[in-house]
>>> print(open('entry24.pdb').read())   # PDB, C-alpha atoms
MODEL        1
ATOM      1  CA  MET A   1      -3.095   5.875 -15.102  1.00  0.00           C
ATOM      2  CA  ASP A   2      -0.003   7.935 -15.848  1.00  0.00           C
ATOM      3  CA  LEU A   3       1.789  10.231 -13.414  1.00  0.00           C
ATOM      4  CA  ALA A   4      -0.132  13.345 -14.460  1.00  0.00           C
ATOM      5  CA  ASP A   5      -3.438  11.530 -13.892  1.00  0.00           C
ATOM      6  CA  LYS A   6      -2.286  10.348 -10.468  1.00  0.00           C
ATOM      7  CA  GLU A   7      -1.263  13.858  -9.486  1.00  0.00           C
ATOM      8  CA  ALA A   8      -4.627  15.183 -10.673  1.00  0.00           C
ATOM      9  CA  VAL A   9      -6.476  12.589  -8.576  1.00  0.00           C
ATOM     10  CA  ILE A  10      -4.445  13.576  -5.520  1.00  0.00           C
ATOM     11  CA  ALA A  11      -5.141  17.269  -6.195  1.00  0.00           C
ATOM     12  CA  ARG A  12      -8.897  16.531  -6.358  1.00  0.00           C
ATOM     13  CA  TYR A  13      -8.609  14.561  -3.129  1.00  0.00           C
ATOM     14  CA  LEU A  14      -6.888  17.508  -1.418  1.00  0.00           C
ATOM     15  CA  HIS A  15      -9.474  19.900  -2.765  1.00  0.00           C
ATOM     16  CA  GLU A  16     -12.243  17.779  -1.264  1.00  0.00           C
ATOM     17  CA  TYR A  17     -10.379  16.983   1.980  1.00  0.00           C
ATOM     18  CA  PRO A  18      -7.934  19.839   2.629  1.00  0.00           C
ATOM     19  CA  GLN A  19      -7.638  18.909   6.310  1.00  0.00           C
ATOM     20  CA  ALA A  20      -6.263  15.471   5.357  1.00  0.00           C
ATOM     21  CA  ALA A  21      -2.858  16.943   4.474  1.00  0.00           C
ATOM     22  CA  ASP A  22      -2.177  17.487   8.177  1.00  0.00           C
ATOM     23  CA  ALA A  23      -4.343  14.793   9.793  1.00  0.00           C
ATOM     24  CA  GLY A  24      -1.575  12.305  10.467  1.00  0.00           C
ATOM     25  CA  ARG A  25       1.391  14.589  10.942  1.00  0.00           C
ATOM     26  CA  GLY A  26       3.249  13.526  14.023  1.00  0.00           C
ATOM     27  CA  HIS A  27       1.792  10.018  14.127  1.00  0.00           C
ATOM     28  CA  PRO A  28       4.686   7.670  14.937  1.00  0.00           C
ATOM     29  CA  ALA A  29       3.626   5.165  12.269  1.00  0.00           C
ATOM     30  CA  LEU A  30       4.350   7.775   9.617  1.00  0.00           C
ATOM     31  CA  ASP A  31       7.744   8.921  10.861  1.00  0.00           C
ATOM     32  CA  GLY A  32      10.011   9.271   7.857  1.00  0.00           C
ATOM     33  CA  CYS A  33       7.342   9.261   5.151  1.00  0.00           C
ATOM     34  CA  GLU A  34       8.320  12.752   4.021  1.00  0.00           C
ATOM     35  CA  GLU A  35      11.987  11.812   3.709  1.00  0.00           C
ATOM     36  CA  VAL A  36      11.326   9.214   1.003  1.00  0.00           C
ATOM     37  CA  ARG A  37      11.972  10.574  -2.471  1.00  0.00           C
ATOM     38  CA  TRP A  38       8.686   9.302  -3.860  1.00  0.00           C
ATOM     39  CA  SER A  39       8.993  11.024  -7.222  1.00  0.00           C
ATOM     40  CA  GLU A  40      12.203   9.111  -7.956  1.00  0.00           C
ATOM     41  CA  PHE A  41      10.113   5.958  -8.354  1.00  0.00           C
ATOM     42  CA  PHE A  42       8.634   5.409 -11.802  1.00  0.00           C
ATOM     43  CA  GLU A  43       5.094   6.830 -12.061  1.00  0.00           C
ATOM     44  CA  CYS A  44       4.963   7.665  -8.363  1.00  0.00           C
ATOM     45  CA  PRO A  45       3.675  11.081  -7.305  1.00  0.00           C
ATOM     46  CA  ALA A  46       5.583  13.018  -4.671  1.00  0.00           C
ATOM     47  CA  ALA A  47       2.420  13.563  -2.602  1.00  0.00           C
ATOM     48  CA  ILE A  48       2.258  10.042  -1.146  1.00  0.00           C
ATOM     49  CA  PRO A  49       2.730  11.426   2.413  1.00  0.00           C
ATOM     50  CA  VAL A  50      -0.485  13.433   2.048  1.00  0.00           C
ATOM     51  CA  LEU A  51      -2.371  10.226   1.291  1.00  0.00           C
ATOM     52  CA  LEU A  52      -0.754   8.459   4.224  1.00  0.00           C
ATOM     53  CA  TYR A  53      -1.732  11.340   6.511  1.00  0.00           C
ATOM     54  CA  GLY A  54      -5.247  11.142   5.118  1.00  0.00           C
ATOM     55  CA  LEU A  55      -5.540   7.568   6.373  1.00  0.00           C
ATOM     56  CA  LEU A  56      -5.738   9.068   9.862  1.00  0.00           C
ATOM     57  CA  ASP A  57      -8.546  11.520   9.080  1.00  0.00           C
ATOM     58  CA  PRO A  58     -11.944   9.953   9.911  1.00  0.00           C
ATOM     59  CA  THR A  59     -13.722  11.779   7.090  1.00  0.00           C
ATOM     60  CA  ALA A  60     -11.003  11.294   4.458  1.00  0.00           C
ATOM     61  CA  ALA A  61      -9.611   7.833   5.283  1.00  0.00           C
ATOM     62  CA  ALA A  62     -11.784   5.796   2.915  1.00  0.00           C
ATOM     63  CA  GLU A  63     -11.026   8.132   0.023  1.00  0.00           C
ATOM     64  CA  ALA A  64      -7.316   8.166   0.909  1.00  0.00           C
ATOM     65  CA  GLN A  65      -7.320   4.369   0.679  1.00  0.00           C
ATOM     66  CA  ARG A  66      -9.047   4.493  -2.704  1.00  0.00           C
ATOM     67  CA  VAL A  67      -6.571   7.058  -4.041  1.00  0.00           C
ATOM     68  CA  ILE A  68      -3.570   5.110  -2.717  1.00  0.00           C
ATOM     69  CA  THR A  69      -4.902   1.973  -4.380  1.00  0.00           C
ATOM     70  CA  ASN A  70      -5.426   3.733  -7.702  1.00  0.00           C
ATOM     71  CA  THR A  71      -2.028   5.414  -7.448  1.00  0.00           C
ATOM     72  CA  MET A  72      -0.020   2.348  -6.500  1.00  0.00           C
ATOM     73  CA  PHE A  73      -1.694  -0.383  -8.595  1.00  0.00           C
ATOM     74  CA  SER A  74      -2.572  -1.075 -12.207  1.00  0.00           C
ATOM     75  CA  ILE A  75      -4.454  -4.115 -13.407  1.00  0.00           C
ATOM     76  CA  ALA A  76      -1.321  -6.224 -13.709  1.00  0.00           C
ATOM     77  CA  GLU A  77       1.259  -4.700 -11.366  1.00  0.00           C
ATOM     78  CA  MET A  78       2.010  -2.515  -8.399  1.00  0.00           C
ATOM     79  CA  ASN A  79       4.139   0.581  -8.397  1.00  0.00           C
ATOM     80  CA  PRO A  80       7.837   0.055  -7.622  1.00  0.00           C
ATOM     81  CA  ALA A  81       7.417   2.404  -4.628  1.00  0.00           C
ATOM     82  CA  MET A  82       5.049   0.008  -2.863  1.00  0.00           C
ATOM     83  CA  ALA A  83       7.888  -1.543  -0.857  1.00  0.00           C
ATOM     84  CA  GLU A  84       8.502   1.942   0.590  1.00  0.00           C
ATOM     85  CA  VAL A  85       4.790   2.565   1.297  1.00  0.00           C
ATOM     86  CA  LEU A  86       4.212  -0.841   2.885  1.00  0.00           C
ATOM     87  CA  PRO A  87       5.989  -0.259   6.241  1.00  0.00           C
ATOM     88  CA  PHE A  88       3.833   2.805   6.842  1.00  0.00           C
ATOM     89  CA  LEU A  89       0.667   0.874   5.997  1.00  0.00           C
ATOM     90  CA  LEU A  90       1.639  -2.011   8.264  1.00  0.00           C
ATOM     91  CA  ARG A  91       2.435   0.292  11.173  1.00  0.00           C
ATOM     92  CA  LEU A  92      -0.907   2.051  10.700  1.00  0.00           C
ATOM     93  CA  ALA A  93      -2.722  -1.298  10.565  1.00  0.00           C
ATOM     94  CA  ASP A  94      -1.187  -2.063  13.948  1.00  0.00           C
ATOM     95  CA  ASP A  95      -2.931   0.966  15.489  1.00  0.00           C
ATOM     96  CA  PRO A  96      -6.491   0.182  16.642  1.00  0.00           C
ATOM     97  CA  LEU A  97      -7.395   3.890  16.529  1.00  0.00           C
ATOM     98  CA  VAL A  98      -6.822   4.210  12.755  1.00  0.00           C
ATOM     99  CA  PRO A  99     -10.114   4.988  10.986  1.00  0.00           C
ATOM    100  CA  GLU A 100     -11.242   2.569   8.286  1.00  0.00           C
ATOM    101  CA  ARG A 101      -8.806  -0.016   9.608  1.00  0.00           C
ATOM    102  CA  SER A 102     -10.626  -2.907   7.926  1.00  0.00           C
ATOM    103  CA  GLY A 103     -10.223  -1.182   4.555  1.00  0.00           C
ATOM    104  CA  LEU A 104      -6.540  -0.716   5.290  1.00  0.00           C
ATOM    105  CA  LEU A 105      -6.285  -4.451   5.971  1.00  0.00           C
ATOM    106  CA  ASP A 106      -7.949  -5.122   2.613  1.00  0.00           C
ATOM    107  CA  LEU A 107      -5.303  -2.933   0.984  1.00  0.00           C
ATOM    108  CA  LEU A 108      -2.592  -4.971   2.700  1.00  0.00           C
ATOM    109  CA  VAL A 109      -4.159  -8.167   1.356  1.00  0.00           C
ATOM    110  CA  MET A 110      -3.998  -6.668  -2.132  1.00  0.00           C
ATOM    111  CA  VAL A 111      -0.298  -5.914  -1.637  1.00  0.00           C
ATOM    112  CA  ALA A 112       0.250  -9.490  -0.447  1.00  0.00           C
ATOM    113  CA  GLU A 113      -1.507 -10.848  -3.545  1.00  0.00           C
ATOM    114  CA  TYR A 114       0.463  -8.642  -5.932  1.00  0.00           C
ATOM    115  CA  SER A 115       3.667  -9.646  -4.124  1.00  0.00           C
ATOM    116  CA  GLU A 116       3.255 -13.344  -4.828  1.00  0.00           C
ATOM    117  CA  PRO A 117       6.037 -14.714  -7.035  1.00  0.00           C
ATOM    118  CA  ILE A 118       5.195 -15.512 -10.645  1.00  0.00           C
ATOM    119  CA  ASP A 119       5.891 -19.053 -11.774  1.00  0.00           C
ATOM    120  CA  SER A 120       8.572 -18.583 -14.413  1.00  0.00           C
ATOM    121  CA  GLY A 121       7.399 -21.815 -16.078  1.00  0.00           C
ATOM    122  CA  ASN A 122       3.968 -20.340 -16.717  1.00  0.00           C
ATOM    123  CA  GLU A 123       4.536 -18.294 -19.851  1.00  0.00           C
ATOM    124  CA  ALA A 124       1.053 -16.768 -19.833  1.00  0.00           C
ATOM    125  CA  MET A 125       1.444 -15.485 -16.266  1.00  0.00           C
ATOM    126  CA  ALA A 126       4.942 -14.193 -16.966  1.00  0.00           C
ATOM    127  CA  LEU A 127       3.707 -12.458 -20.111  1.00  0.00           C
ATOM    128  CA  TRP A 128       0.745 -10.839 -18.351  1.00  0.00           C
ATOM    129  CA  PHE A 129       2.388  -9.928 -15.027  1.00  0.00           C
ATOM    130  CA  GLY A 130       6.055  -9.813 -16.006  1.00  0.00           C
ATOM    131  CA  SER A 131       8.843 -11.816 -14.488  1.00  0.00           C
ATOM    132  CA  ASP A 132       9.926 -11.397 -10.903  1.00  0.00           C
ATOM    133  CA  SER A 133      13.312 -10.218 -12.131  1.00  0.00           C
ATOM    134  CA  ASP A 134      11.542  -7.334 -13.896  1.00  0.00           C
ATOM    135  CA  HIS A 135       9.449  -6.514 -10.819  1.00  0.00           C
ATOM    136  CA  LEU A 136      11.778  -6.429  -7.840  1.00  0.00           C
ATOM    137  CA  GLU A 137       9.051  -4.738  -5.793  1.00  0.00           C
ATOM    138  CA  ARG A 138       7.391  -8.160  -5.332  1.00  0.00           C
ATOM    139  CA  GLU A 139      10.367  -9.605  -3.488  1.00  0.00           C
ATOM    140  CA  GLN A 140      10.922  -6.316  -1.655  1.00  0.00           C
ATOM    141  CA  CYS A 141       7.319  -6.323  -0.407  1.00  0.00           C
ATOM    142  CA  ARG A 142       7.637  -9.933   0.728  1.00  0.00           C
ATOM    143  CA  ALA A 143      10.731  -8.888   2.685  1.00  0.00           C
ATOM    144  CA  VAL A 144       8.795  -6.019   4.303  1.00  0.00           C
ATOM    145  CA  PHE A 145       5.958  -8.374   5.253  1.00  0.00           C
ATOM    146  CA  ALA A 146       8.538 -10.717   6.804  1.00  0.00           C
ATOM    147  CA  GLN A 147      10.147  -7.817   8.675  1.00  0.00           C
ATOM    148  CA  TYR A 148       6.726  -6.912  10.098  1.00  0.00           C
ATOM    149  CA  ALA A 149       5.651 -10.507  10.769  1.00  0.00           C
ATOM    150  CA  SER A 150       4.960  -9.690  14.424  1.00  0.00           C
ATOM    151  CA  VAL A 151       2.499  -6.993  13.318  1.00  0.00           C
ATOM    152  CA  VAL A 152       0.814  -9.328  10.827  1.00  0.00           C
ATOM    153  CA  ALA A 153       0.519 -12.007  13.515  1.00  0.00           C
ATOM    154  CA  MET A 154      -1.337  -9.587  15.795  1.00  0.00           C
ATOM    155  CA  LEU A 155      -3.813  -8.165  13.269  1.00  0.00           C
ATOM    156  CA  PRO A 156      -7.337  -8.576  14.640  1.00  0.00           C
ATOM    157  CA  GLU A 157      -9.102 -11.562  13.128  1.00  0.00           C
ATOM    158  CA  SER A 158     -12.436  -9.807  13.615  1.00  0.00           C
ATOM    159  CA  LEU A 159     -11.527  -7.234  10.940  1.00  0.00           C
ATOM    160  CA  ILE A 160     -10.383  -9.633   8.237  1.00  0.00           C
ATOM    161  CA  ASN A 161     -11.857 -12.795   6.769  1.00  0.00           C
ATOM    162  CA  PRO A 162      -9.989 -16.079   7.325  1.00  0.00           C
ATOM    163  CA  ASP A 163      -8.831 -16.430   3.690  1.00  0.00           C
ATOM    164  CA  ASN A 164      -7.321 -12.953   3.723  1.00  0.00           C
ATOM    165  CA  GLN A 165      -5.755 -13.619   7.118  1.00  0.00           C
ATOM    166  CA  VAL A 166      -4.022 -16.630   5.551  1.00  0.00           C
ATOM    167  CA  LYS A 167      -2.773 -14.507   2.613  1.00  0.00           C
ATOM    168  CA  LEU A 168      -1.243 -11.957   4.949  1.00  0.00           C
ATOM    169  CA  ARG A 169       0.323 -14.626   7.148  1.00  0.00           C
ATOM    170  CA  GLU A 170       1.774 -16.375   4.088  1.00  0.00           C
ATOM    171  CA  ALA A 171       3.198 -13.089   2.815  1.00  0.00           C
ATOM    172  CA  ALA A 172       4.854 -12.551   6.199  1.00  0.00           C
ATOM    173  CA  GLY A 173       6.290 -16.076   6.216  1.00  0.00           C
ATOM    174  CA  LEU A 174       4.188 -17.131   9.188  1.00  0.00           C
ATOM    175  CA  LEU A 175       2.674 -20.152   7.404  1.00  0.00           C
TER     176      LEU A 175
ENDMDL
END
>>> encode(input="entry24.pdb", output="C-alpha cells")
Amino acid sequence: MDLADKEAVIARYLHEYPQAADAGRGHPALDGCEEVRWSEFFECPAAIPVLLYGLLDPTAAAEAQRVITNTMFSIAEMNPAMAEVLPFLLRLADDPLVPERSGLLDLLVMVAEYSEPIDSGNEAMALWFGSDSDHLEREQCRAVFAQYASVVAMLPESLINPDNQVKLREAAGLL
C-alpha cells in the first residue's frame, strides 16, 4: 500500500469514526505523539496520532488497530516509523482501561516478530526481508522493547497466549 492508499484508508476510518480523532487526547500514554514528524518517515502518513487516539475509543479501537497494522506493515517489512509508534503502543498496553487491549498485545507481538534480526548467512531470508543494515527500524524497535522491559514484564498473561508472551519477553531482553 502506498502513501496515498494509507491516507485514504485513514480518511475512511475518520469518516466512519469521527469521534476517534479526539478520543485519546490528553491520555498520558500518548503525550508527544503529535510532535513526531510522521510524514518525514518513508510512506508514513501524518495522521498516525489520530489512529493512536482511536485506540482509546471503545467503538473505534478494533478498527484503529487494523488501520495501524495496514499502515505500518507490508508482507515483508514494517514501516521505518514503527520505532516511534512503539513507545505509545507499549504505554497504552500498560493501561488496563484501554479497549481492545488483547488486540493491542497481538499488534505488539507482530512488532516483536518483525523486529527479529535476519540471519545474514541466510541469503533467502536476506533477499526476502532485506538485511538488518537496510532496516534499522528492527534494531530500533528492539531497543524500544528493552527500554520498556518493565512494561512487557507486567503485561497480563491472561490476555496473551504463552508463545506470544515469550516473543514479547525475548524482544524486551527478558529471556
>>> atom_distance(input="entry24.pdb", atom1="atom CA of Gln140 of chain A", atom2="atom CA of Glu113 of chain A")
13.4 Å
>>> residues_around(input="entry24.pdb", residues="Glu84 of chain A", least_positions_apart="4", cutoff="10 Å", atoms="all atoms listed in the file", output="number ranges by chain")
A: 33, 36-38, 41, 80, 88-89, 137, 140-141, 144
>>> write_last_selection(input="entry24.pdb", atoms="C-alpha atoms", output="compact mmCIF listing (two decimals), in the frame of the given file")
# COMPACT_ATOMS: atom_id res chain seq x y z
CA CYS A 33 7.34 9.26 5.15
CA VAL A 36 11.33 9.21 1.00
CA ARG A 37 11.97 10.57 -2.47
CA TRP A 38 8.69 9.30 -3.86
CA PHE A 41 10.11 5.96 -8.35
CA PRO A 80 7.84 0.06 -7.62
CA PHE A 88 3.83 2.80 6.84
CA LEU A 89 0.67 0.87 6.00
CA GLU A 137 9.05 -4.74 -5.79
CA GLN A 140 10.92 -6.32 -1.66
CA CYS A 141 7.32 -6.32 -0.41
CA VAL A 144 8.80 -6.02 4.30
>>> resolve_selection(input="entry24.pdb", expression="the PyMOL selection byres ((chain A and resi 115) around 7)", output="PyMOL selection string")
chain A and resi 111-114+116-117+138-139+141-142
>>> resolve_selection(input="entry24.pdb", expression="the PyMOL selection byres ((chain A and resi 91) around 12)", output="PyMOL selection string")
chain A and resi 27-31+33+52+55+85-90+92-98+101+104-105+108+144-145+147-152+154-155
>>> resolve_selection(input="entry24.pdb", expression="the PyMOL selection byres ((chain A and resi 162-168) around 7)", output="MDAnalysis selection string")
chainID A and resid 109 112 152 160:161 169:172
>>> closest_residue(input="entry24.pdb", among="A:Pro18, A:Gly173, A:Gly24, A:Gly54", to="Val67 of chain A", atoms="all atoms listed in the file")
A:Gly54
>>> closest_residue(input="entry24.pdb", among="A:Leu14, A:Leu136, A:Met72, A:Leu159", to="Cys44 of chain A", atoms="all atoms listed in the file")
A:Met72
>>> atom_distance(input="entry24.pdb", atom1="atom CA of Asp57 of chain A", atom2="atom CA of Ala20 of chain A")
5.9 Å
>>> closest_residue(input="entry24.pdb", among="A:Pro156, A:Ser102, A:Ala146, A:Ala4", to="Ala83 of chain A", atoms="only C-alpha atoms")
A:Ala146
>>> atom_distance(input="entry24.pdb", atom1="atom CA of Asn70 of chain A", atom2="atom CA of Tyr13 of chain A")
12.2 Å
>>> closest_residue(input="entry24.pdb", among="A:Leu175, A:Ile75, A:Ile68, A:Leu51", to="Glu34 of chain A", atoms="only C-alpha atoms")
A:Leu51
>>> closest_residue(input="entry24.pdb", among="A:Ala153, A:Ala76, A:Ile48, A:Leu3", to="Ile118 of chain A", atoms="only C-alpha atoms")
A:Ala76
>>> decode(input="entry24.pdb", residues="segment 16-28 of chain A", atoms="all heavy atoms", output="PDB file, in the first residue's frame")
ATOM      1  N   GLU A  16     -15.909   7.101   9.205  1.00  0.00           N
ATOM      2  CA  GLU A  16     -16.747   6.148   9.930  1.00  0.00           C
ATOM      3  C   GLU A  16     -16.733   6.391  11.443  1.00  0.00           C
ATOM      4  O   GLU A  16     -17.723   6.158  12.126  1.00  0.00           O
ATOM      5  CB  GLU A  16     -16.271   4.718   9.645  1.00  0.00           C
ATOM      6  CG  GLU A  16     -17.197   3.669  10.193  1.00  0.00           C
ATOM      7  CD  GLU A  16     -16.848   2.272   9.714  1.00  0.00           C
ATOM      8  OE1 GLU A  16     -16.132   2.113   8.727  1.00  0.00           O
ATOM      9  OE2 GLU A  16     -17.332   1.319  10.368  1.00  0.00           O
ATOM     10  N   TYR A  17     -15.605   6.855  11.963  1.00  0.00           N
ATOM     11  CA  TYR A  17     -15.443   7.080  13.403  1.00  0.00           C
ATOM     12  C   TYR A  17     -14.920   8.488  13.676  1.00  0.00           C
ATOM     13  O   TYR A  17     -13.807   8.667  14.169  1.00  0.00           O
ATOM     14  CB  TYR A  17     -14.460   6.055  13.994  1.00  0.00           C
ATOM     15  CG  TYR A  17     -14.855   4.625  13.790  1.00  0.00           C
ATOM     16  CD1 TYR A  17     -14.274   3.873  12.767  1.00  0.00           C
ATOM     17  CD2 TYR A  17     -15.794   4.008  14.613  1.00  0.00           C
ATOM     18  CE1 TYR A  17     -14.628   2.549  12.574  1.00  0.00           C
ATOM     19  CE2 TYR A  17     -16.150   2.689  14.432  1.00  0.00           C
ATOM     20  CZ  TYR A  17     -15.564   1.960  13.407  1.00  0.00           C
ATOM     21  OH  TYR A  17     -15.912   0.654  13.213  1.00  0.00           O
ATOM     22  N   PRO A  18     -15.699   9.513  13.385  1.00  0.00           N
ATOM     23  CA  PRO A  18     -15.188  10.884  13.552  1.00  0.00           C
ATOM     24  C   PRO A  18     -14.803  11.216  14.995  1.00  0.00           C
ATOM     25  O   PRO A  18     -13.897  12.019  15.230  1.00  0.00           O
ATOM     26  CB  PRO A  18     -16.343  11.765  13.069  1.00  0.00           C
ATOM     27  CG  PRO A  18     -17.546  10.896  13.114  1.00  0.00           C
ATOM     28  CD  PRO A  18     -17.082   9.488  12.927  1.00  0.00           C
ATOM     29  N   GLN A  19     -15.452  10.591  15.947  1.00  0.00           N
ATOM     30  CA  GLN A  19     -15.161  10.853  17.360  1.00  0.00           C
ATOM     31  C   GLN A  19     -13.781  10.324  17.757  1.00  0.00           C
ATOM     32  O   GLN A  19     -13.196  10.778  18.755  1.00  0.00           O
ATOM     33  CB  GLN A  19     -16.239  10.225  18.253  1.00  0.00           C
ATOM     34  CG  GLN A  19     -16.126   8.730  18.466  1.00  0.00           C
ATOM     35  CD  GLN A  19     -16.548   7.844  17.296  1.00  0.00           C
ATOM     36  OE1 GLN A  19     -17.021   8.323  16.261  1.00  0.00           O
ATOM     37  NE2 GLN A  19     -16.384   6.531  17.450  1.00  0.00           N
ATOM     38  N   ALA A  20     -13.227   9.399  16.991  1.00  0.00           N
ATOM     39  CA  ALA A  20     -11.948   8.780  17.345  1.00  0.00           C
ATOM     40  C   ALA A  20     -10.790   9.783  17.318  1.00  0.00           C
ATOM     41  O   ALA A  20      -9.806   9.606  18.034  1.00  0.00           O
ATOM     42  CB  ALA A  20     -11.646   7.614  16.406  1.00  0.00           C
ATOM     43  N   ALA A  21     -10.931  10.829  16.526  1.00  0.00           N
ATOM     44  CA  ALA A  21      -9.846  11.819  16.405  1.00  0.00           C
ATOM     45  C   ALA A  21      -9.550  12.509  17.727  1.00  0.00           C
ATOM     46  O   ALA A  21      -8.440  12.999  17.936  1.00  0.00           O
ATOM     47  CB  ALA A  21     -10.194  12.852  15.339  1.00  0.00           C
ATOM     48  N   ASP A  22     -10.521  12.524  18.637  1.00  0.00           N
ATOM     49  CA  ASP A  22     -10.333  13.193  19.919  1.00  0.00           C
ATOM     50  C   ASP A  22     -10.388  12.240  21.106  1.00  0.00           C
ATOM     51  O   ASP A  22     -10.167  12.663  22.239  1.00  0.00           O
ATOM     52  CB  ASP A  22     -11.406  14.269  20.112  1.00  0.00           C
ATOM     53  CG  ASP A  22     -11.257  15.398  19.117  1.00  0.00           C
ATOM     54  OD1 ASP A  22     -10.106  15.785  18.850  1.00  0.00           O
ATOM     55  OD2 ASP A  22     -12.283  15.885  18.608  1.00  0.00           O
ATOM     56  N   ALA A  23     -10.653  10.965  20.863  1.00  0.00           N
ATOM     57  CA  ALA A  23     -10.900  10.012  21.950  1.00  0.00           C
ATOM     58  C   ALA A  23      -9.759   9.930  22.951  1.00  0.00           C
ATOM     59  O   ALA A  23      -9.994   9.865  24.150  1.00  0.00           O
ATOM     60  CB  ALA A  23     -11.196   8.626  21.377  1.00  0.00           C
ATOM     61  N   GLY A  24      -8.541   9.935  22.484  1.00  0.00           N
ATOM     62  CA  GLY A  24      -7.415   9.750  23.396  1.00  0.00           C
ATOM     63  C   GLY A  24      -6.640  11.002  23.726  1.00  0.00           C
ATOM     64  O   GLY A  24      -5.608  10.943  24.400  1.00  0.00           O
ATOM     65  N   ARG A  25      -7.106  12.128  23.248  1.00  0.00           N
ATOM     66  CA  ARG A  25      -6.389  13.378  23.550  1.00  0.00           C
ATOM     67  C   ARG A  25      -6.300  13.553  25.058  1.00  0.00           C
ATOM     68  O   ARG A  25      -7.268  13.377  25.774  1.00  0.00           O
ATOM     69  CB  ARG A  25      -7.094  14.569  22.929  1.00  0.00           C
ATOM     70  CG  ARG A  25      -6.921  14.620  21.435  1.00  0.00           C
ATOM     71  CD  ARG A  25      -7.375  15.954  20.872  1.00  0.00           C
ATOM     72  NE  ARG A  25      -7.468  15.876  19.433  1.00  0.00           N
ATOM     73  CZ  ARG A  25      -6.439  16.078  18.615  1.00  0.00           C
ATOM     74  NH1 ARG A  25      -5.259  16.365  19.108  1.00  0.00           N
ATOM     75  NH2 ARG A  25      -6.603  15.986  17.310  1.00  0.00           N
ATOM     76  N   GLY A  26      -5.115  13.871  25.503  1.00  0.00           N
ATOM     77  CA  GLY A  26      -4.907  14.069  26.926  1.00  0.00           C
ATOM     78  C   GLY A  26      -4.506  12.815  27.679  1.00  0.00           C
ATOM     79  O   GLY A  26      -4.124  12.898  28.837  1.00  0.00           O
ATOM     80  N   HIS A  27      -4.582  11.656  27.048  1.00  0.00           N
ATOM     81  CA  HIS A  27      -4.150  10.434  27.736  1.00  0.00           C
ATOM     82  C   HIS A  27      -2.633  10.478  27.879  1.00  0.00           C
ATOM     83  O   HIS A  27      -1.922  10.725  26.909  1.00  0.00           O
ATOM     84  CB  HIS A  27      -4.582   9.188  26.948  1.00  0.00           C
ATOM     85  CG  HIS A  27      -4.441   7.927  27.721  1.00  0.00           C
ATOM     86  ND1 HIS A  27      -3.214   7.352  27.983  1.00  0.00           N
ATOM     87  CD2 HIS A  27      -5.372   7.128  28.308  1.00  0.00           C
ATOM     88  CE1 HIS A  27      -3.397   6.251  28.686  1.00  0.00           C
ATOM     89  NE2 HIS A  27      -4.692   6.087  28.890  1.00  0.00           N
ATOM     90  N   PRO A  28      -2.118  10.251  29.075  1.00  0.00           N
ATOM     91  CA  PRO A  28      -0.668  10.377  29.291  1.00  0.00           C
ATOM     92  C   PRO A  28       0.177   9.434  28.432  1.00  0.00           C
ATOM     93  O   PRO A  28       1.322   9.768  28.112  1.00  0.00           O
ATOM     94  CB  PRO A  28      -0.492  10.089  30.783  1.00  0.00           C
ATOM     95  CG  PRO A  28      -1.769   9.500  31.251  1.00  0.00           C
ATOM     96  CD  PRO A  28      -2.833   9.908  30.293  1.00  0.00           C
TER      97      PRO A  28
END
